[in-house]
file upload39.tsv (TSV, C-alpha atoms)
chain	number	residue	atom	x	y	z
A	1	MET	CA	0.00	0.00	0.00
A	2	LYS	CA	1.35	3.41	-0.98
A	3	ASN	CA	1.60	6.10	1.69
A	4	ARG	CA	2.90	9.60	2.38
A	5	LEU	CA	4.66	8.76	5.63
A	6	ARG	CA	8.18	9.67	4.50
A	7	GLU	CA	6.94	13.01	3.16
A	8	LEU	CA	4.95	13.82	6.31
A	9	ARG	CA	7.82	12.78	8.56
A	10	GLY	CA	10.14	15.04	6.52
A	11	GLU	CA	7.74	17.98	6.93
A	12	HIS	CA	7.95	17.55	10.71
A	13	GLY	CA	11.73	17.13	10.62
A	14	TRP	CA	11.59	13.84	12.48
A	15	SER	CA	13.96	10.92	12.07
A	16	GLN	CA	12.55	7.40	11.69
A	17	GLN	CA	13.57	6.76	15.31
A	18	ALA	CA	11.79	9.90	16.52
A	19	LEU	CA	8.59	8.87	14.74
A	20	ALA	CA	8.96	5.31	16.06
A	21	ASP	CA	9.23	6.64	19.63
A	22	ARG	CA	6.09	8.74	19.15
A	23	LEU	CA	4.19	5.73	17.80
A	24	ASP	CA	5.64	3.34	20.38
A	25	VAL	CA	6.94	0.96	17.68
A	26	SER	CA	10.41	-0.05	16.49
A	27	ARG	CA	12.39	1.95	13.91
A	28	GLN	CA	12.25	-1.09	11.62
A	29	THR	CA	8.45	-0.86	11.68
A	30	VAL	CA	8.56	2.78	10.57
A	31	ASN	CA	11.01	1.88	7.80
A	32	ALA	CA	8.82	-1.04	6.67
A	33	LEU	CA	5.74	1.21	6.68
A	34	GLU	CA	7.47	3.90	4.61
A	35	THR	CA	8.74	1.43	2.02
A	36	GLY	CA	5.32	-0.24	1.77
A	37	LYS	CA	6.62	-3.59	3.01
A	38	TYR	CA	4.20	-3.61	5.90
A	39	ASP	CA	0.61	-2.42	6.22
A	40	PRO	CA	-0.26	-1.10	9.68
A	41	SER	CA	-3.10	-2.33	11.84
A	42	LEU	CA	-6.12	-0.05	12.17
A	43	PRO	CA	-5.07	1.22	15.65
A	44	LEU	CA	-1.59	2.10	14.34
A	45	ALA	CA	-3.08	3.80	11.27
A	46	PHE	CA	-5.32	5.91	13.56
A	47	LYS	CA	-2.31	6.75	15.72
A	48	LEU	CA	-0.47	7.99	12.62
A	49	ALA	CA	-3.50	9.95	11.46
A	50	ARG	CA	-3.81	11.66	14.87
A	51	LEU	CA	-0.08	12.35	15.03
A	52	PHE	CA	0.01	14.04	11.61
A	53	GLY	CA	-3.44	15.61	12.02
A	54	GLN	CA	-4.74	14.12	8.78
A	55	PRO	CA	-7.40	11.55	7.89
A	56	ILE	CA	-6.19	8.00	7.26
A	57	GLU	CA	-7.12	8.16	3.57
A	58	ALA	CA	-4.93	11.25	3.16
A	59	ILE	CA	-1.93	9.25	4.40
A	60	PHE	CA	-2.57	5.81	2.91
A	61	ASP	CA	-3.64	5.04	-0.64
A	62	ASP	CA	-5.07	1.59	-1.32
A	63	GLU	CA	-4.47	2.16	-5.08
A	64	LEU	CA	-8.05	1.23	-5.90
A	65	GLU	CA	-8.99	4.76	-6.88
A	66	SER	CA	-5.98	5.41	-9.11
B	1	MET	CA	12.00	3.95	28.01
B	2	THR	CA	11.80	3.97	24.20
B	3	ALA	CA	10.10	1.19	22.22
B	4	GLN	CA	13.55	0.06	21.00
B	5	ALA	CA	14.97	-0.18	24.54
B	6	ARG	CA	11.85	-1.96	25.80
B	7	GLN	CA	12.10	-4.51	22.98
B	8	ALA	CA	15.80	-5.09	23.62
B	9	SER	CA	15.01	-5.73	27.28
B	10	ALA	CA	12.13	-8.09	26.39
B	11	LEU	CA	14.35	-9.97	23.92
B	12	LYS	CA	17.11	-10.37	26.54
B	13	ARG	CA	14.65	-11.72	29.09
B	14	TYR	CA	13.06	-14.06	26.51
B	15	THR	CA	16.43	-15.39	25.31
B	16	TRP	CA	17.74	-16.19	28.80
B	17	ARG	CA	14.54	-17.71	30.08
B	18	THR	CA	14.17	-19.81	26.93
B	19	PHE	CA	17.75	-21.04	27.28
B	20	VAL	CA	17.28	-21.99	30.95
B	21	LEU	CA	13.88	-23.63	30.30
B	22	MET	CA	15.29	-25.73	27.44
B	23	LEU	CA	18.15	-26.83	29.71
B	24	VAL	CA	15.62	-27.80	32.39
B	25	PHE	CA	13.50	-29.65	29.81
B	26	THR	CA	16.53	-31.57	28.52
B	27	GLY	CA	17.68	-32.27	32.08
B	28	VAL	CA	14.28	-33.68	33.06
B	29	LEU	CA	14.15	-35.85	29.93
B	30	VAL	CA	17.66	-37.20	30.51
B	31	ALA	CA	16.94	-37.81	34.20
B	32	ILE	CA	13.76	-39.76	33.41
B	33	ASP	CA	15.31	-41.70	30.53
B	34	LYS	CA	18.72	-42.50	32.01
B	35	THR	CA	18.19	-42.50	35.76
B	36	ILE	CA	14.60	-43.32	36.66
B	37	ASP	CA	13.86	-45.30	33.46
B	38	PRO	CA	10.26	-45.99	34.61
B	39	SER	CA	9.25	-48.72	32.16
B	40	ARG	CA	12.26	-50.92	32.87
B	41	ASN	CA	12.09	-50.31	36.60
B	42	GLY	CA	8.57	-51.66	36.71
B	43	TRP	CA	6.63	-48.42	37.18
B	44	PRO	CA	2.97	-48.92	36.28
B	45	ALA	CA	1.71	-46.45	33.66
B	46	SER	CA	-0.60	-44.75	36.18
B	47	GLN	CA	2.38	-43.83	38.36
B	48	ALA	CA	4.29	-42.35	35.42
B	49	TRP	CA	1.84	-39.45	34.97
B	50	PRO	CA	3.68	-37.18	37.44
B	51	LEU	CA	6.77	-37.63	35.24
B	52	VAL	CA	4.78	-36.54	32.19
B	53	ILE	CA	3.56	-33.46	34.07
B	54	LEU	CA	7.12	-32.74	35.22
B	55	THR	CA	8.33	-32.91	31.61
B	56	CYS	CA	5.52	-30.63	30.43
B	57	LEU	CA	6.14	-27.93	33.08
B	58	PRO	CA	9.20	-26.32	31.42
B	59	LEU	CA	7.38	-26.41	28.07
B	60	VAL	CA	4.34	-24.69	29.56
B	61	ALA	CA	6.65	-22.06	31.11
B	62	TYR	CA	8.34	-21.66	27.71
B	63	GLY	CA	4.93	-21.17	26.06
B	64	TRP	CA	4.11	-18.48	28.62
B	65	GLU	CA	7.43	-16.72	27.87
B	66	VAL	CA	6.65	-16.80	24.14
B	67	VAL	CA	3.25	-15.21	24.74
B	68	ARG	CA	4.78	-12.52	27.00
B	69	TYR	CA	7.50	-11.77	24.45
B	70	VAL	CA	5.13	-11.51	21.50
B	71	ARG	CA	2.79	-9.25	23.49
B	72	SER	CA	5.64	-6.96	24.53
B	73	ILE	CA	7.02	-6.28	21.05
B	74	ASP	CA	5.36	-4.10	18.44
B	75	GLU	CA	2.81	-5.47	16.00
B	76	MET	CA	5.09	-5.89	12.99
B	77	LEU	CA	7.77	-7.80	14.90
B	78	ALA	CA	5.05	-9.86	16.60
B	79	ARG	CA	3.64	-10.76	13.19
B	80	PHE	CA	7.13	-11.79	12.07
B	81	GLN	CA	7.50	-14.03	15.12
B	82	ILE	CA	4.12	-15.67	14.54
B	83	ARG	CA	4.92	-16.22	10.86
B	84	ALA	CA	8.32	-17.68	11.81
B	85	ALA	CA	6.59	-20.01	14.29
B	86	ALA	CA	4.19	-21.22	11.61
B	87	ILE	CA	7.09	-21.87	9.21
B	88	ALA	CA	9.05	-23.66	11.97
B	89	MET	CA	6.04	-25.88	12.63
B	90	LEU	CA	5.80	-26.68	8.91
B	91	VAL	CA	9.53	-27.50	8.76
B	92	MET	CA	9.14	-29.74	11.81
B	93	LEU	CA	6.21	-31.60	10.22
B	94	LEU	CA	8.08	-32.01	6.93
B	95	ALA	CA	11.19	-33.26	8.76
B	96	ALA	CA	9.01	-35.70	10.75
B	97	ALA	CA	7.45	-37.00	7.52
B	98	ILE	CA	10.79	-37.38	5.71
B	99	LEU	CA	12.56	-38.97	8.66
B	100	GLY	CA	9.51	-41.15	9.33
B	101	VAL	CA	9.57	-42.52	5.78
B	102	ALA	CA	13.36	-43.02	6.02
B	103	GLU	CA	12.78	-44.99	9.20
B	104	ILE	CA	10.02	-47.14	7.64
B	105	TYR	CA	12.31	-48.02	4.72
B	106	GLY	CA	15.15	-48.84	7.10
B	107	VAL	CA	17.42	-46.06	5.82
B	108	MET	CA	17.91	-44.83	9.37
B	109	GLU	CA	17.41	-45.88	12.97
B	110	PRO	CA	14.20	-44.94	14.79
B	111	LEU	CA	14.46	-41.30	15.84
B	112	ASN	CA	13.61	-39.80	19.19
B	113	MET	CA	10.93	-37.29	18.23
B	114	THR	CA	12.28	-34.73	20.71
B	115	MET	CA	15.05	-34.28	18.12
B	116	MET	CA	12.45	-32.34	16.13
B	117	LEU	CA	12.62	-29.50	18.67
B	118	PRO	CA	16.11	-28.26	17.71
B	119	ILE	CA	15.11	-28.41	14.02
B	120	ALA	CA	12.06	-26.25	14.75
B	121	ALA	CA	14.14	-23.85	16.87
B	122	VAL	CA	16.70	-23.35	14.09
B	123	ALA	CA	13.95	-22.89	11.46
B	124	HIS	CA	12.24	-20.32	13.70
B	125	SER	CA	15.43	-18.33	14.34
B	126	VAL	CA	16.46	-18.30	10.67
B	127	THR	CA	12.99	-17.26	9.48
B	128	ALA	CA	12.68	-14.50	12.10
B	129	MET	CA	16.18	-13.23	11.25
B	130	ILE	CA	15.57	-13.16	7.46
B	131	GLN	CA	12.34	-11.20	7.92
B	132	GLN	CA	13.96	-8.64	10.22
B	133	VAL	CA	17.00	-8.17	7.99
B	134	ARG	CA	14.68	-7.45	5.05
B	135	VAL	CA	13.08	-4.45	6.80
B	136	ARG	CA	16.25	-2.93	8.25

call {"tool": "encode", "arguments": {"input": "upload39.tsv", "output": "structure tokens"}}
result
Amino acid sequence: MKNRLRELRGEHGWSQQALADRLDVSRQTVNALETGKYDPSLPLAFKLARLFGQPIEAIFDDELES
Amino acid sequence: MTAQARQASALKRYTWRTFVLMLVFTGVLVAIDKTIDPSRNGWPASQAWPLVILTCLPLVAYGWEVVRYVRSIDEMLARFQIRAAAIAMLVMLLAAAILGVAEIYGVMEPLNMTMMLPIAAVAHSVTAMIQQVRVR
């Protein structure tokens, strides 16, 4: 699944580790999310949405609409 | 404590406890097989049940440690561990089938099925490691 995590993280000036600490996950998880190797659970997706102040669909793209 | 530090601590605890529990399990098995040897020493089957329970105790404790470890790590790593466990189980079943057929055809001596445990442990470690290296 495509996402805008790297871009949003860059806008906030956070490292992968800093974002991982805010989400309470490992840095590897953040890396896997950014590269699309891992799709987050719904609670983690909501956590990301709250953290970046955006709706889930603005962060993740399921590629069905494109 | 950061998620990374918490996971490192959970992994350390899991590794040591698993190591000790496997030593206890092996020790109990060896003690029963080599020292007590219930069937040859005339123990009736009904009296051997405490030995079965004694053998199962370290495995139950190990199972509890696995659950604690998986619950303490984040969801992606937990998913990796569960996937690795499923693959390890498959490898163990395949090894049991192959070795079982080899035994039936007389290619090898009858195998103690507890030998499957190290095979599963190696398969689990390798699978978990490959998955984690891929997301680094």

call {"tool": "atom_distance", "arguments": {"input": "upload39.tsv", "atom1": "CA of Ile87 in chain B", "atom2": "CA of Ala120 in chain B"}}
result
8.6 Å

call {"tool": "closest_residue", "arguments": {"input": "upload39.tsv", "among": "A:Phe52, A:Leu42, A:Lys47, A:Glu34", "to": "His12 in chain A", "atoms": "only C-alpha atoms"}}
result
A:Phe52

call {"tool": "residues_around", "arguments": {"input": "upload39.tsv", "residues": "Val70 in chain B", "least_positions_apart": "6", "cutoff": "9 Å", "atoms": "all atoms listed in the file", "output": "ChimeraX atom specification"}}
result
/B:77-79,81-82

call {"tool": "interface_residues", "arguments": {"input": "upload39.tsv", "of": "chain A", "to": "chain B", "cutoff": "6 Å", "atoms": "all atoms listed in the file", "output": "list in words"}}
result
Asp21, Asp24, Val25, Ser26, Gln28 and Ala32 of chain A

call {"tool": "closest_residue", "arguments": {"input": "upload39.tsv", "among": "B:Leu99, B:Leu94, B:Trp16, B:Met89", "to": "Val122 in chain B", "atoms": "only C-alpha atoms"}}
result
B:Met89

call {"tool": "closest_residue", "arguments": {"input": "upload39.tsv", "among": "B:Pro118, B:Pro110, B:Pro58, B:Gly100", "to": "Val24 in chain B", "atoms": "only C-alpha atoms"}}
result
B:Pro58

call {"tool": "atom_distance", "arguments": {"input": "upload39.tsv", "atom1": "CA of Arg4 in chain A", "atom2": "CA of Phe60 in chain A"}}
result
6.7 Å

call {"tool": "atom_distance", "arguments": {"input": "upload39.tsv", "atom1": "CA of Thr35 in chain B", "atom2": "CA of Ala96 in chain B"}}
result
27.5 Å

call {"tool": "residues_around", "arguments": {"input": "upload39.tsv", "residues": "Arg9 in chain A", "least_positions_apart": "3", "cutoff": "12 Å", "atoms": "only C-alpha atoms", "output": "list in words"}}
result
Asn3, Arg4, Leu5, Arg6, His12, Gly13, Trp14, Ser15, Gln16, Gln17, Ala18, Leu19, Ala20, Arg22, Val30, Asn31, Leu33, Glu34, Leu48, Leu51, Phe52 and Ile59 of chain A

call {"tool": "residues_around", "arguments": {"input": "upload39.tsv", "residues": "Ile56 in chain A", "least_positions_apart": "6", "cutoff": "9 Å", "atoms": "only C-alpha atoms", "output": "list in words"}}
result
Ala45, Phe46, Leu48, Ala49 and Arg50 of chain A

call {"tool": "residues_near_point", "arguments": {"input": "upload39.tsv", "point": "(12.9, -19.8, 20.9)", "cutoff": "12 Å", "atoms": "all atoms listed in the file", "output": "JSON, numbers by chain"}}
result
{"B": [11, 12, 13, 14, 15, 16, 17, 18, 19, 20, 21, 22, 59, 62, 63, 64, 65, 66, 67, 69, 70, 81, 82, 84, 85, 88, 117, 118, 119, 120, 121, 122, 123, 124, 125, 126, 127, 128]}

call {"tool": "write_last_selection", "arguments": {"input": "upload39.tsv", "atoms": "C-alpha atoms", "output": "mmCIF file, in the frame of the given file"}}
result
data_model
loop_
_atom_site.group_PDB
_atom_site.id
_atom_site.type_symbol
_atom_site.label_atom_id
_atom_site.label_comp_id
_atom_site.auth_asym_id
_atom_site.auth_seq_id
_atom_site.Cartn_x
_atom_site.Cartn_y
_atom_site.Cartn_z
ATOM 1 C CA LEU B 11 14.350 -9.970 23.920
ATOM 2 C CA LYS B 12 17.110 -10.370 26.540
ATOM 3 C CA ARG B 13 14.650 -11.720 29.090
ATOM 4 C CA TYR B 14 13.060 -14.060 26.510
ATOM 5 C CA THR B 15 16.430 -15.390 25.310
ATOM 6 C CA TRP B 16 17.740 -16.190 28.800
ATOM 7 C CA ARG B 17 14.540 -17.710 30.080
ATOM 8 C CA THR B 18 14.170 -19.810 26.930
ATOM 9 C CA PHE B 19 17.750 -21.040 27.280
ATOM 10 C CA VAL B 20 17.280 -21.990 30.950
ATOM 11 C CA LEU B 21 13.880 -23.630 30.300
ATOM 12 C CA MET B 22 15.290 -25.730 27.440
ATOM 13 C CA LEU B 59 7.380 -26.410 28.070
ATOM 14 C CA TYR B 62 8.340 -21.660 27.710
ATOM 15 C CA GLY B 63 4.930 -21.170 26.060
ATOM 16 C CA TRP B 64 4.110 -18.480 28.620
ATOM 17 C CA GLU B 65 7.430 -16.720 27.870
ATOM 18 C CA VAL B 66 6.650 -16.800 24.140
ATOM 19 C CA VAL B 67 3.250 -15.210 24.740
ATOM 20 C CA TYR B 69 7.500 -11.770 24.450
ATOM 21 C CA VAL B 70 5.130 -11.510 21.500
ATOM 22 C CA GLN B 81 7.500 -14.030 15.120
ATOM 23 C CA ILE B 82 4.120 -15.670 14.540
ATOM 24 C CA ALA B 84 8.320 -17.680 11.810
ATOM 25 C CA ALA B 85 6.590 -20.010 14.290
ATOM 26 C CA ALA B 88 9.050 -23.660 11.970
ATOM 27 C CA LEU B 117 12.620 -29.500 18.670
ATOM 28 C CA PRO B 118 16.110 -28.260 17.710
ATOM 29 C CA ILE B 119 15.110 -28.410 14.020
ATOM 30 C CA ALA B 120 12.060 -26.250 14.750
ATOM 31 C CA ALA B 121 14.140 -23.850 16.870
ATOM 32 C CA VAL B 122 16.700 -23.350 14.090
ATOM 33 C CA ALA B 123 13.950 -22.890 11.460
ATOM 34 C CA HIS B 124 12.240 -20.320 13.700
ATOM 35 C CA SER B 125 15.430 -18.330 14.340
ATOM 36 C CA VAL B 126 16.460 -18.300 10.670
ATOM 37 C CA THR B 127 12.990 -17.260 9.480
ATOM 38 C CA ALA B 128 12.680 -14.500 12.100
#
